[in-house]
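Text of the file input.txt, holding compact mmCIF, C-alpha atoms and all ligand atoms:
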```
# COMPACT_ATOMS: atom_id res chain seq x y z
CA MET A 904 0.00 0.00 0.00
CA TRP A 905 2.77 2.44 0.99
CA CYS A 906 4.74 1.54 -2.11
CA LYS A 907 1.79 2.39 -4.33
CA ARG A 908 0.99 5.58 -2.42
CA ALA A 909 4.61 6.69 -2.82
CA LEU A 910 4.47 5.97 -6.53
CA GLN A 911 1.50 8.30 -6.82
CA GLY A 912 3.39 11.05 -5.04
CA GLY A 913 1.65 10.48 -1.71
CA GLU A 914 2.90 9.73 1.79
CA MET A 915 5.49 7.05 2.48
CA CYS A 916 5.60 4.41 5.22
CA TYR A 917 6.93 5.39 8.65
CA LYS A 918 10.25 3.72 7.78
CA HIS A 919 10.85 6.65 5.44
CA GLN A 920 10.16 9.08 8.25
CA PHE A 921 12.30 7.21 10.81
CA TYR A 922 15.11 5.72 8.70
CA GLY A 923 15.00 7.35 5.25
CA ILE A 924 13.76 4.27 3.33
CA ASP A 925 11.88 5.20 0.13
CA SER A 926 8.70 3.08 0.12
CA HIS A 927 8.53 2.79 -3.67
CA ARG A 928 12.12 1.44 -3.78
CA CYS A 929 11.64 -1.08 -0.97
CA VAL A 930 10.94 -4.75 -1.69
CA GLN A 931 9.23 -6.69 1.06
CA MET A 932 10.16 -10.33 0.71
CA THR A 933 10.57 -13.53 2.67
CA PRO A 934 12.88 -16.45 1.88
CA THR A 935 10.50 -18.87 3.64
CA LEU A 936 6.82 -19.02 4.49
CA ARG A 937 7.42 -21.33 7.47
CA CYS A 938 7.24 -20.09 11.03
CA ASN A 939 7.77 -21.66 14.45
CA GLN A 940 5.25 -19.38 16.20
CA ARG A 941 1.52 -18.82 15.81
CA CYS A 942 1.16 -15.22 16.98
CA LEU A 943 -2.43 -14.16 17.53
CA PHE A 944 -1.75 -10.81 15.82
CA CYS A 945 -0.08 -12.29 12.72
CA TRP A 946 -1.77 -11.36 9.45
CA ARG A 947 -0.81 -14.64 7.77
CA SER A 948 -2.91 -17.82 7.70
CA PHE A 949 -1.75 -20.77 9.80
CA GLU A 950 -4.55 -22.88 8.38
CA HIS A 951 -3.09 -22.93 4.87
CA GLU A 952 0.62 -23.21 5.57
CA PRO A 953 2.53 -24.36 2.48
CA GLN A 954 4.88 -27.29 2.79
CA GLU A 955 8.30 -26.27 1.49
CA ASP A 956 10.28 -29.33 0.48
CA VAL A 957 12.99 -27.47 -1.43
CA GLU A 958 14.69 -24.17 -0.61
CA CYS A 959 15.61 -21.74 -3.37
CA PRO A 960 19.32 -20.87 -3.42
CA PRO A 961 20.18 -17.16 -2.88
CA GLU A 962 20.90 -16.73 -6.62
CA THR A 963 17.33 -17.73 -7.52
CA ILE A 964 15.86 -15.33 -4.97
CA LEU A 965 18.15 -12.55 -6.20
CA ALA A 966 17.18 -13.19 -9.82
CA GLY A 967 13.47 -13.02 -8.95
CA LEU A 968 13.52 -9.72 -7.06
CA HIS A 969 13.17 -7.31 -9.99
CA LYS A 970 10.77 -9.54 -11.87
CA TYR A 971 8.33 -10.01 -9.00
CA GLN A 972 8.57 -6.43 -7.74
CA LYS A 973 7.60 -5.25 -11.22
CA LYS A 974 4.73 -7.73 -11.25
CA ALA A 975 3.54 -6.49 -7.84
CA LEU A 976 3.47 -2.95 -9.21
CA ALA A 977 1.63 -3.83 -12.42
CA GLY A 978 -0.99 -1.21 -13.18
CA TYR A 979 1.05 1.60 -11.64
CA ASN A 980 3.12 2.08 -14.78
CA ALA A 981 3.46 5.79 -15.56
CA VAL A 982 1.99 5.18 -19.01
CA LEU A 983 -1.14 3.51 -17.58
CA ASP A 984 -1.60 5.72 -14.54
CA ASN A 985 -1.19 9.46 -14.97
CA THR A 986 -0.92 9.99 -11.21
CA VAL A 987 2.52 8.27 -11.38
CA THR A 988 5.53 10.16 -12.72
CA ASP A 989 7.94 8.38 -15.02
CA GLU A 990 10.79 9.21 -12.64
CA ARG A 991 9.09 7.44 -9.67
CA TRP A 992 8.13 4.48 -11.86
CA GLN A 993 11.71 4.04 -13.08
CA GLU A 994 12.92 4.23 -9.48
CA ALA A 995 10.33 1.70 -8.32
CA ILE A 996 11.35 -0.94 -10.83
CA ASP A 997 14.97 -0.45 -9.76
CA PRO A 998 14.58 -1.10 -6.00
CA LYS A 999 17.37 -0.30 -3.55
CA HIS A 1000 16.20 -1.71 -0.25
CA ILE A 1001 15.13 -5.20 0.76
CA ALA A 1002 13.00 -5.77 3.87
CA ILE A 1003 13.40 -9.46 4.69
CA SER A 1004 10.18 -10.10 6.57
CA LEU A 1005 6.52 -10.10 5.55
CA SER A 1006 5.26 -13.62 6.15
CA GLY A 1007 7.27 -16.37 7.80
CA GLU A 1008 10.38 -16.47 10.00
CA PRO A 1009 13.44 -15.76 7.81
CA THR A 1010 15.96 -17.48 10.13
CA LEU A 1011 14.35 -20.81 9.21
CA TYR A 1012 15.88 -20.36 5.75
CA SER A 1013 19.22 -22.15 6.00
CA GLN A 1014 21.12 -19.82 3.61
CA LEU A 1015 20.04 -16.52 5.15
CA PRO A 1016 23.57 -15.16 5.90
CA GLU A 1017 24.64 -15.90 2.32
CA LEU A 1018 21.46 -14.31 0.92
CA ILE A 1019 22.07 -11.09 2.89
CA ASP A 1020 25.71 -10.95 1.76
CA ARG A 1021 24.69 -11.51 -1.87
CA LEU A 1022 22.10 -8.72 -1.61
CA HIS A 1023 24.76 -6.32 -0.29
CA ASP A 1024 27.19 -7.41 -3.03
CA ASN A 1025 24.51 -6.42 -5.54
CA GLY A 1026 24.08 -2.93 -4.11
CA TYR A 1027 20.97 -3.40 -1.95
CA THR A 1028 20.59 -2.35 1.66
CA THR A 1029 18.73 -4.76 3.96
CA PHE A 1030 16.52 -4.85 7.03
CA LEU A 1031 16.12 -8.29 8.62
CA VAL A 1032 13.02 -8.83 10.75
CA SER A 1033 13.05 -11.88 13.03
CA ASN A 1034 11.07 -13.30 15.93
CA GLY A 1035 14.40 -13.93 17.69
CA THR A 1036 13.95 -17.67 18.21
CA ASN A 1037 17.16 -18.59 16.40
CA PRO A 1038 20.11 -16.68 17.96
CA GLU A 1039 22.73 -18.95 16.32
CA MET A 1040 21.51 -17.94 12.88
CA LEU A 1041 21.19 -14.25 13.83
CA ARG A 1042 24.83 -14.23 14.98
CA ARG A 1043 25.85 -15.12 11.41
CA CYS A 1044 23.71 -12.46 9.71
CA ASN A 1045 24.90 -8.93 8.94
CA PRO A 1046 21.98 -6.85 7.66
CA LEU A 1047 22.09 -3.05 7.65
CA GLN A 1048 19.53 -3.12 10.47
CA MET A 1049 18.38 -6.12 12.49
CA TYR A 1050 14.87 -6.14 13.95
CA ILE A 1051 13.78 -8.54 16.69
CA SER A 1052 10.26 -8.77 18.05
CA LEU A 1053 9.50 -8.58 21.74
CA ASP A 1054 5.80 -9.22 22.14
CA ALA A 1055 5.45 -9.86 25.86
CA PRO A 1056 6.96 -8.65 29.12
CA ASP A 1057 7.24 -12.22 30.52
CA ARG A 1058 7.36 -15.89 29.56
CA GLU A 1059 3.74 -16.66 30.38
CA THR A 1060 2.32 -13.83 28.27
CA TYR A 1061 4.71 -14.78 25.46
CA HIS A 1062 3.25 -18.30 25.35
CA ALA A 1063 -0.32 -16.99 25.39
CA ILE A 1064 0.23 -14.50 22.54
CA CYS A 1065 2.93 -16.01 20.32
CA ARG A 1066 2.02 -19.68 20.83
CA PRO A 1067 5.50 -20.98 19.95
CA GLN A 1068 6.19 -24.56 18.88
CA GLU A 1069 8.67 -24.84 21.78
CA ASN A 1070 9.63 -22.72 24.77
CA TYR A 1071 11.78 -20.11 22.99
CA TRP A 1072 11.60 -17.35 25.60
CA ASP A 1073 15.23 -17.76 26.74
CA ARG A 1074 16.44 -17.95 23.15
CA ILE A 1075 14.64 -14.69 22.35
CA GLN A 1076 16.34 -13.02 25.34
CA GLU A 1077 19.67 -14.33 24.02
CA SER A 1078 18.93 -12.83 20.56
CA LEU A 1079 17.96 -9.49 22.08
CA ARG A 1080 21.32 -9.34 23.87
CA LEU A 1081 23.07 -9.57 20.47
CA LEU A 1082 21.67 -6.20 19.45
CA GLY A 1083 23.85 -3.85 21.49
CA THR A 1084 26.80 -4.10 19.11
CA ARG A 1085 24.95 -3.47 15.85
CA ARG A 1086 22.43 -1.13 14.25
CA SER A 1087 19.22 -2.66 15.47
CA ALA A 1088 15.61 -2.23 16.50
CA ILE A 1089 13.26 -4.04 18.84
CA ARG A 1090 9.66 -4.18 17.69
CA ILE A 1091 6.89 -4.36 20.29
CA THR A 1092 3.44 -5.00 18.78
CA LEU A 1093 1.05 -3.69 21.39
CA VAL A 1094 -2.24 -5.61 21.53
CA LYS A 1095 -4.80 -3.89 23.70
CA GLY A 1096 -5.85 -6.05 26.64
CA LEU A 1097 -3.25 -8.75 25.96
CA ASN A 1098 0.31 -7.41 26.32
CA ASP A 1099 -0.09 -3.68 27.09
CA PHE A 1100 0.92 -3.93 30.76
CA ALA A 1101 4.14 -4.04 32.84
CA PRO A 1102 6.00 -1.29 30.92
CA GLU A 1103 8.81 -1.47 33.48
CA GLN A 1104 9.35 -5.17 32.65
CA TYR A 1105 9.63 -4.35 28.95
CA ALA A 1106 11.99 -1.52 29.90
CA ALA A 1107 14.28 -3.89 31.84
CA ILE A 1108 14.57 -6.20 28.81
CA LEU A 1109 15.20 -3.28 26.45
CA GLN A 1110 17.84 -1.87 28.78
CA GLU A 1111 19.71 -5.15 28.84
CA SER A 1112 19.63 -5.45 25.03
CA GLY A 1113 21.24 -2.09 24.23
CA ALA A 1114 19.42 -2.05 20.84
CA THR A 1115 19.68 1.20 18.88
CA PHE A 1116 15.93 1.77 18.46
CA VAL A 1117 12.68 0.51 19.95
CA GLU A 1118 9.49 0.66 17.91
CA ILE A 1119 6.27 0.39 19.89
CA LYS A 1120 3.50 -0.15 17.38
CA GLY A 1121 -0.20 -0.71 17.80
CA TYR A 1122 -1.68 -3.96 16.52
CA MET A 1123 -3.60 -3.56 13.25
CA TYR A 1124 -6.77 -5.55 12.66
CA LEU A 1125 -5.70 -7.03 9.32
CA GLY A 1126 -5.56 -10.28 7.35
CA TYR A 1127 -6.12 -13.56 9.16
CA SER A 1128 -5.55 -11.97 12.58
CA ARG A 1129 -9.18 -10.86 12.29
CA ASN A 1130 -10.15 -14.51 12.94
CA ARG A 1131 -8.28 -14.48 16.26
CA LEU A 1132 -8.62 -10.96 17.65
CA ALA A 1133 -11.19 -8.18 17.68
CA ARG A 1134 -11.07 -4.63 16.34
CA GLU A 1135 -11.08 -3.52 19.98
CA ASN A 1136 -7.61 -5.07 20.38
CA MET A 1137 -6.21 -2.17 18.33
CA PRO A 1138 -4.90 0.54 20.68
CA GLU A 1139 -5.39 4.17 19.67
CA HIS A 1140 -2.23 6.10 18.89
CA ALA A 1141 -2.63 8.06 22.15
CA GLU A 1142 -2.58 4.76 24.07
CA VAL A 1143 0.56 3.61 22.24
CA ARG A 1144 2.19 6.95 23.02
CA ALA A 1145 1.19 6.77 26.71
CA PHE A 1146 2.62 3.25 27.00
CA ALA A 1147 5.84 4.34 25.26
CA GLU A 1148 6.20 7.18 27.77
CA LYS A 1149 5.98 4.71 30.67
CA VAL A 1150 8.65 2.51 29.05
CA GLU A 1151 10.83 5.57 28.41
CA ALA A 1152 10.58 6.61 32.07
CA ALA A 1153 12.01 3.25 33.19
CA CYS A 1154 15.09 2.93 30.95
CA ASP A 1155 17.74 4.78 28.91
CA TYR A 1156 15.61 5.13 25.78
CA ARG A 1157 14.16 8.47 24.73
CA PHE A 1158 11.37 9.52 22.37
CA LYS A 1159 12.68 10.02 18.82
CA ASP A 1160 9.61 10.23 16.58
CA GLU A 1161 6.06 9.00 16.02
CA ASN A 1162 3.63 8.33 13.20
CA LYS A 1163 -0.01 8.66 14.18
CA LEU A 1164 -1.41 6.98 11.07
CA SER A 1165 0.65 3.82 11.67
CA ARG A 1166 0.19 4.13 15.47
CA VAL A 1167 3.90 3.78 16.11
CA VAL A 1168 6.39 5.50 18.40
CA VAL A 1169 10.15 5.08 18.05
CA LEU A 1170 12.53 5.44 20.99
CA GLU A 1171 16.29 5.76 20.64
CA HIS A 1172 18.99 4.49 22.98
CA MET A 1173 20.87 7.21 24.83
CA THR A 1174 24.58 6.39 24.95
S1 LIG Q 1 6.68 -14.73 14.31
FE1 LIG Q 1 6.01 -13.32 12.69
S2 LIG Q 1 5.46 -14.63 10.92
FE2 LIG Q 1 5.60 -15.96 12.75
S3 LIG Q 1 3.50 -16.09 13.52
FE3 LIG Q 1 4.50 -14.42 14.63
S4 LIG Q 1 4.03 -12.54 13.45
FE4 LIG Q 1 3.59 -14.32 12.12
```
Take the structure in this file and express it as structure tokens.
Ligand code: SF4
Amino acid sequence: MWCKRALQGGEMCYKHQFYGIDSHRCVQMTPTLRCNQRCLFCWRSFEHEPQEDVECPPETILAGLHKYQKKALAGYNAVLDNTVTDERWQEAIDPKHIAISLSGEPTLYSQLPELIDRLHDNGYTTFLVSNGTNPEMLRRCNPLQMYISLDAPDRETYHAICRPQENYWDRIQESLRLLGTRRSAIRITLVKGLNDFAPEQYAAILQESGATFVEIKGYMYLGYSRNRLARENMPEHAEVRAFAEKVEAACDYRFKDENKLSRVVVLEHMT
């Protein structure tokens, strides 16, 4: 949606505001559709999970990027749509940034470190978004920015919300502690009534991680999550902001920016 809005000269996603990523030059992709969690707020379907018997090598994924990005943008060609300038269209079909996320847990793809290196070799910048359950794999990956999700202040809430295949809580804490030495962000998806409590417990975990940024973002009632949660589970932006202020008061992170439309607040580590 943000990619198409940007193509038409409109607003860009909050990642443009926070980190300078141009939405129309950003490819959202995943190297695997598998996941080892069943988060209530996930927009993907668990009921129709594909069975992947064969992994694509990094070269195949790399070769498909331009082709499938162009296909995803079909109909927004400057010739077909006079709200799109030729300059933006040409930029969009020559993407510069790869967000490795979307649907599935990327660390379950066995060649993830090689894929990221190949993307950098070919001139792309990368964001890697992970649920943090695989610290060994994360240690081997060197994206421009590493994101790890923290969706609960404690083990019990984690199990209730993320419904992992195994007890990964300690592994997630281990992954979070990897973030202090690299450009990184922790993503907290705030679900009203489920994990929007104990800000000081979140703060203690954030403090120990030393991550560069913390994004506190309201849950969005989208995709298959609508079968598991209610519209009322979406916090208002003011509620996200109020929660972020309580977290900020309990650790060395300070308010950096916010985007009301996306209901997200970003905090930055004070060094
Ligand atoms: S970890 Fe990510 S992809 Fe997996 S279920 Fe949770 S939100 Fe969905």
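Using all atoms listed in the file, the smallest distance between any of A:Tyr1124, A:Pro998, A:Val1032, A:Ala1088 and Thr1010 in chain A comes from A:Val1032.
You will find CA of Ala1101 in chain A at 11.0 Å from CA of Thr1060 in chain A.
Atom pair CA of Asp1054 in chain A / CA of Glu1161 in chain A has a distance of 19.2 Å (rounded to one decimal).
With only C-alpha atoms and all ligand atoms as the atoms that count, the set of residues no farther than 6 Å from ligand LIG 1 (chain Q) is Cys938, Gln940, Arg941, Cys942, Cys945, Ser1006, Gly1007, Glu1008 and Asn1034 of chain A.
All residues of protein, DNA or RNA that reach within 12 Å of Glu1111 in chain A, judged by only C-alpha atoms and not counting those fewer than 2 positions away in the chain, are Gln1076, Glu1077, Ser1078, Leu1079, Arg1080, Leu1081, Leu1082, Gly1083, Ile1089, Gln1104, Tyr1105, Ala1106, Ala1107, Ile1108, Leu1109, Gly1113, Ala1114, Thr1115, Cys1154, Asp1155, Tyr1156 and His1172 of chain A.
Counting all atoms listed in the file and comparing A:Pro1016, A:Gly1026, A:Gly923, A:Pro1067, the residue that lies closest to Arg1042 in chain A is A:Pro1016.
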Excluding Val987 in chain A and its own-chain neighbours fewer than 5 positions away, which residues fall within 12 Å of it when counting all atoms listed in the file? Please give them as a PDB file with C-alpha atoms, in the frame of the given file.
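Listing of part08.pdb after writing:
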```
ATOM      1  CA  CYS A 906       4.740   1.540  -2.110  1.00  0.00           C
ATOM      2  CA  LYS A 907       1.790   2.390  -4.330  1.00  0.00           C
ATOM      3  CA  ARG A 908       0.990   5.580  -2.420  1.00  0.00           C
ATOM      4  CA  ALA A 909       4.610   6.690  -2.820  1.00  0.00           C
ATOM      5  CA  LEU A 910       4.470   5.970  -6.530  1.00  0.00           C
ATOM      6  CA  GLN A 911       1.500   8.300  -6.820  1.00  0.00           C
ATOM      7  CA  GLY A 912       3.390  11.050  -5.040  1.00  0.00           C
ATOM      8  CA  GLY A 913       1.650  10.480  -1.710  1.00  0.00           C
ATOM      9  CA  HIS A 927       8.530   2.790  -3.670  1.00  0.00           C
ATOM     10  CA  LEU A 976       3.470  -2.950  -9.210  1.00  0.00           C
ATOM     11  CA  GLY A 978      -0.990  -1.210 -13.180  1.00  0.00           C
ATOM     12  CA  TYR A 979       1.050   1.600 -11.640  1.00  0.00           C
ATOM     13  CA  ASN A 980       3.120   2.080 -14.780  1.00  0.00           C
ATOM     14  CA  ALA A 981       3.460   5.790 -15.560  1.00  0.00           C
ATOM     15  CA  VAL A 982       1.990   5.180 -19.010  1.00  0.00           C
ATOM     16  CA  TRP A 992       8.130   4.480 -11.860  1.00  0.00           C
ATOM     17  CA  GLN A 993      11.710   4.040 -13.080  1.00  0.00           C
ATOM     18  CA  GLU A 994      12.920   4.230  -9.480  1.00  0.00           C
ATOM     19  CA  ALA A 995      10.330   1.700  -8.320  1.00  0.00           C
TER      20      ALA A 995
END
```
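Minimum distance to Gln1048 in chain A across A:His919, A:His1000, A:Arg1086, A:Lys974 (counting all atoms listed in the file) occurs at A:Arg1086.
Rounded to one decimal, CA of His1023 in chain A and CA of Cys1044 in chain A lie 11.8 Å from each other.
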So that each row is one residue of range 940-1055 of chain A with an atom at most 12 Å from range 928-933 of chain A, can you give its shortest atom pair and the distance in Å to one decimal, using all atoms listed in the file, rows by chain and rising number, as CSV?
```
residue,atom,partner,partner_atom,distance
A:Glu958,CA,A:Thr933,CA,11.9
A:Cys959,CA,A:Thr933,CA,11.4
A:Pro961,CA,A:Thr933,CA,11.7
A:Ile964,CA,A:Thr933,CA,9.5
A:Leu965,CA,A:Met932,CA,10.8
A:Gly967,CA,A:Met932,CA,10.6
A:Leu968,CA,A:Val930,CA,7.8
A:His969,CA,A:Val930,CA,9.0
A:Lys970,CA,A:Val930,CA,11.3
A:Tyr971,CA,A:Val930,CA,9.4
A:Gln972,CA,A:Val930,CA,6.7
A:Lys973,CA,A:Val930,CA,10.1
A:Lys974,CA,A:Val930,CA,11.8
A:Ala975,CA,A:Val930,CA,9.8
A:Leu976,CA,A:Val930,CA,10.8
A:Glu990,CA,A:Arg928,CA,11.9
A:Arg991,CA,A:Arg928,CA,8.9
A:Trp992,CA,A:Arg928,CA,9.5
A:Gln993,CA,A:Arg928,CA,9.7
A:Glu994,CA,A:Arg928,CA,6.4
A:Ala995,CA,A:Arg928,CA,4.9
A:Ile996,CA,A:Arg928,CA,7.5
A:Asp997,CA,A:Arg928,CA,6.9
A:Pro998,CA,A:Arg928,CA,4.2
A:Lys999,CA,A:Arg928,CA,5.5
A:His1000,CA,A:Cys929,CA,4.7
A:Ile1001,CA,A:Val930,CA,4.9
A:Ala1002,CA,A:Gln931,CA,4.8
A:Ile1003,CA,A:Met932,CA,5.2
A:Ser1004,CA,A:Thr933,CA,5.2
A:Leu1005,CA,A:Thr933,CA,6.0
A:Ser1006,CA,A:Thr933,CA,6.3
A:Gly1007,CA,A:Thr933,CA,6.7
A:Glu1008,CA,A:Thr933,CA,7.9
A:Pro1009,CA,A:Thr933,CA,6.3
A:Thr1010,CA,A:Thr933,CA,10.0
A:Leu1011,CA,A:Thr933,CA,10.5
A:Tyr1012,CA,A:Thr933,CA,9.2
A:Leu1015,CA,A:Thr933,CA,10.2
A:Leu1018,CA,A:Thr933,CA,11.1
A:Ile1019,CA,A:Thr933,CA,11.8
A:Leu1022,CA,A:Val930,CA,11.8
A:Tyr1027,CA,A:Cys929,CA,9.7
A:Thr1028,CA,A:Cys929,CA,9.4
A:Thr1029,CA,A:Cys929,CA,9.4
A:Phe1030,CA,A:Gln931,CA,9.6
A:Leu1031,CA,A:Thr933,CA,9.7
A:Val1032,CA,A:Thr933,CA,9.7
A:Ser1033,CA,A:Thr933,CA,10.8
```
May I have the residues from that selection written out with C-alpha atoms, as a PDB file, in the coordinates of the input?
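And here's selection-v3.pdb as it stands now:
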```
ATOM      1  CA  GLU A 958      14.690 -24.170  -0.610  1.00  0.00           C
ATOM      2  CA  CYS A 959      15.610 -21.740  -3.370  1.00  0.00           C
ATOM      3  CA  PRO A 961      20.180 -17.160  -2.880  1.00  0.00           C
ATOM      4  CA  ILE A 964      15.860 -15.330  -4.970  1.00  0.00           C
ATOM      5  CA  LEU A 965      18.150 -12.550  -6.200  1.00  0.00           C
ATOM      6  CA  GLY A 967      13.470 -13.020  -8.950  1.00  0.00           C
ATOM      7  CA  LEU A 968      13.520  -9.720  -7.060  1.00  0.00           C
ATOM      8  CA  HIS A 969      13.170  -7.310  -9.990  1.00  0.00           C
ATOM      9  CA  LYS A 970      10.770  -9.540 -11.870  1.00  0.00           C
ATOM     10  CA  TYR A 971       8.330 -10.010  -9.000  1.00  0.00           C
ATOM     11  CA  GLN A 972       8.570  -6.430  -7.740  1.00  0.00           C
ATOM     12  CA  LYS A 973       7.600  -5.250 -11.220  1.00  0.00           C
ATOM     13  CA  LYS A 974       4.730  -7.730 -11.250  1.00  0.00           C
ATOM     14  CA  ALA A 975       3.540  -6.490  -7.840  1.00  0.00           C
ATOM     15  CA  LEU A 976       3.470  -2.950  -9.210  1.00  0.00           C
ATOM     16  CA  GLU A 990      10.790   9.210 -12.640  1.00  0.00           C
ATOM     17  CA  ARG A 991       9.090   7.440  -9.670  1.00  0.00           C
ATOM     18  CA  TRP A 992       8.130   4.480 -11.860  1.00  0.00           C
ATOM     19  CA  GLN A 993      11.710   4.040 -13.080  1.00  0.00           C
ATOM     20  CA  GLU A 994      12.920   4.230  -9.480  1.00  0.00           C
ATOM     21  CA  ALA A 995      10.330   1.700  -8.320  1.00  0.00           C
ATOM     22  CA  ILE A 996      11.350  -0.940 -10.830  1.00  0.00           C
ATOM     23  CA  ASP A 997      14.970  -0.450  -9.760  1.00  0.00           C
ATOM     24  CA  PRO A 998      14.580  -1.100  -6.000  1.00  0.00           C
ATOM     25  CA  LYS A 999      17.370  -0.300  -3.550  1.00  0.00           C
ATOM     26  CA  HIS A1000      16.200  -1.710  -0.250  1.00  0.00           C
ATOM     27  CA  ILE A1001      15.130  -5.200   0.760  1.00  0.00           C
ATOM     28  CA  ALA A1002      13.000  -5.770   3.870  1.00  0.00           C
ATOM     29  CA  ILE A1003      13.400  -9.460   4.690  1.00  0.00           C
ATOM     30  CA  SER A1004      10.180 -10.100   6.570  1.00  0.00           C
ATOM     31  CA  LEU A1005       6.520 -10.100   5.550  1.00  0.00           C
ATOM     32  CA  SER A1006       5.260 -13.620   6.150  1.00  0.00           C
ATOM     33  CA  GLY A1007       7.270 -16.370   7.800  1.00  0.00           C
ATOM     34  CA  GLU A1008      10.380 -16.470  10.000  1.00  0.00           C
ATOM     35  CA  PRO A1009      13.440 -15.760   7.810  1.00  0.00           C
ATOM     36  CA  THR A1010      15.960 -17.480  10.130  1.00  0.00           C
ATOM     37  CA  LEU A1011      14.350 -20.810   9.210  1.00  0.00           C
ATOM     38  CA  TYR A1012      15.880 -20.360   5.750  1.00  0.00           C
ATOM     39  CA  LEU A1015      20.040 -16.520   5.150  1.00  0.00           C
ATOM     40  CA  LEU A1018      21.460 -14.310   0.920  1.00  0.00           C
ATOM     41  CA  ILE A1019      22.070 -11.090   2.890  1.00  0.00           C
ATOM     42  CA  LEU A1022      22.100  -8.720  -1.610  1.00  0.00           C
ATOM     43  CA  TYR A1027      20.970  -3.400  -1.950  1.00  0.00           C
ATOM     44  CA  THR A1028      20.590  -2.350   1.660  1.00  0.00           C
ATOM     45  CA  THR A1029      18.730  -4.760   3.960  1.00  0.00           C
ATOM     46  CA  PHE A1030      16.520  -4.850   7.030  1.00  0.00           C
ATOM     47  CA  LEU A1031      16.120  -8.290   8.620  1.00  0.00           C
ATOM     48  CA  VAL A1032      13.020  -8.830  10.750  1.00  0.00           C
ATOM     49  CA  SER A1033      13.050 -11.880  13.030  1.00  0.00           C
TER      50      SER A1033
END
```
Excluding Gly1096 in chain A and residues on its chain fewer than 5 positions from it, collect all residues at most 9 Å away from it, counting only C-alpha atoms, and give them as a PDB file with C-alpha atoms, in the frame of the given file.
```pdb
ATOM      1  CA  GLU A1135     -11.080  -3.520  19.980  1.00  0.00           C
ATOM      2  CA  ASN A1136      -7.610  -5.070  20.380  1.00  0.00           C
ATOM      3  CA  PRO A1138      -4.900   0.540  20.680  1.00  0.00           C
TER       4      PRO A1138
END
```
Skipping near chain neighbours, those fewer than 5 positions away, what residues fall within 10 Å of Ala1133 in chain A using all atoms listed in the file, listed as a PDB file with C-alpha atoms, in the frame of the given file?
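What landed in part-v2.pdb:
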```pdb
ATOM      1  CA  PHE A 944      -1.750 -10.810  15.820  1.00  0.00           C
ATOM      2  CA  LYS A1095      -4.800  -3.890  23.700  1.00  0.00           C
ATOM      3  CA  MET A1123      -3.600  -3.560  13.250  1.00  0.00           C
ATOM      4  CA  TYR A1124      -6.770  -5.550  12.660  1.00  0.00           C
ATOM      5  CA  SER A1128      -5.550 -11.970  12.580  1.00  0.00           C
TER       6      SER A1128
END
```
Worksheet item: Skipping near chain neighbours, those fewer than 4 positions away, what residues fall within 12 Å of Glu1118 in chain A using all atoms listed in the file, listed as a count of residues only?
Response: 39
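Nearest residue to Cys1065 in chain A among A:Val1117, A:Leu943, A:Ile924, A:Met1137 is A:Leu943, counting all atoms listed in the file.
Using all atoms listed in the file, the nearest neighbour of Phe949 in chain A within the list A:His1062, A:Arg1131, A:Lys1149, A:Gln920 is A:Arg1131.
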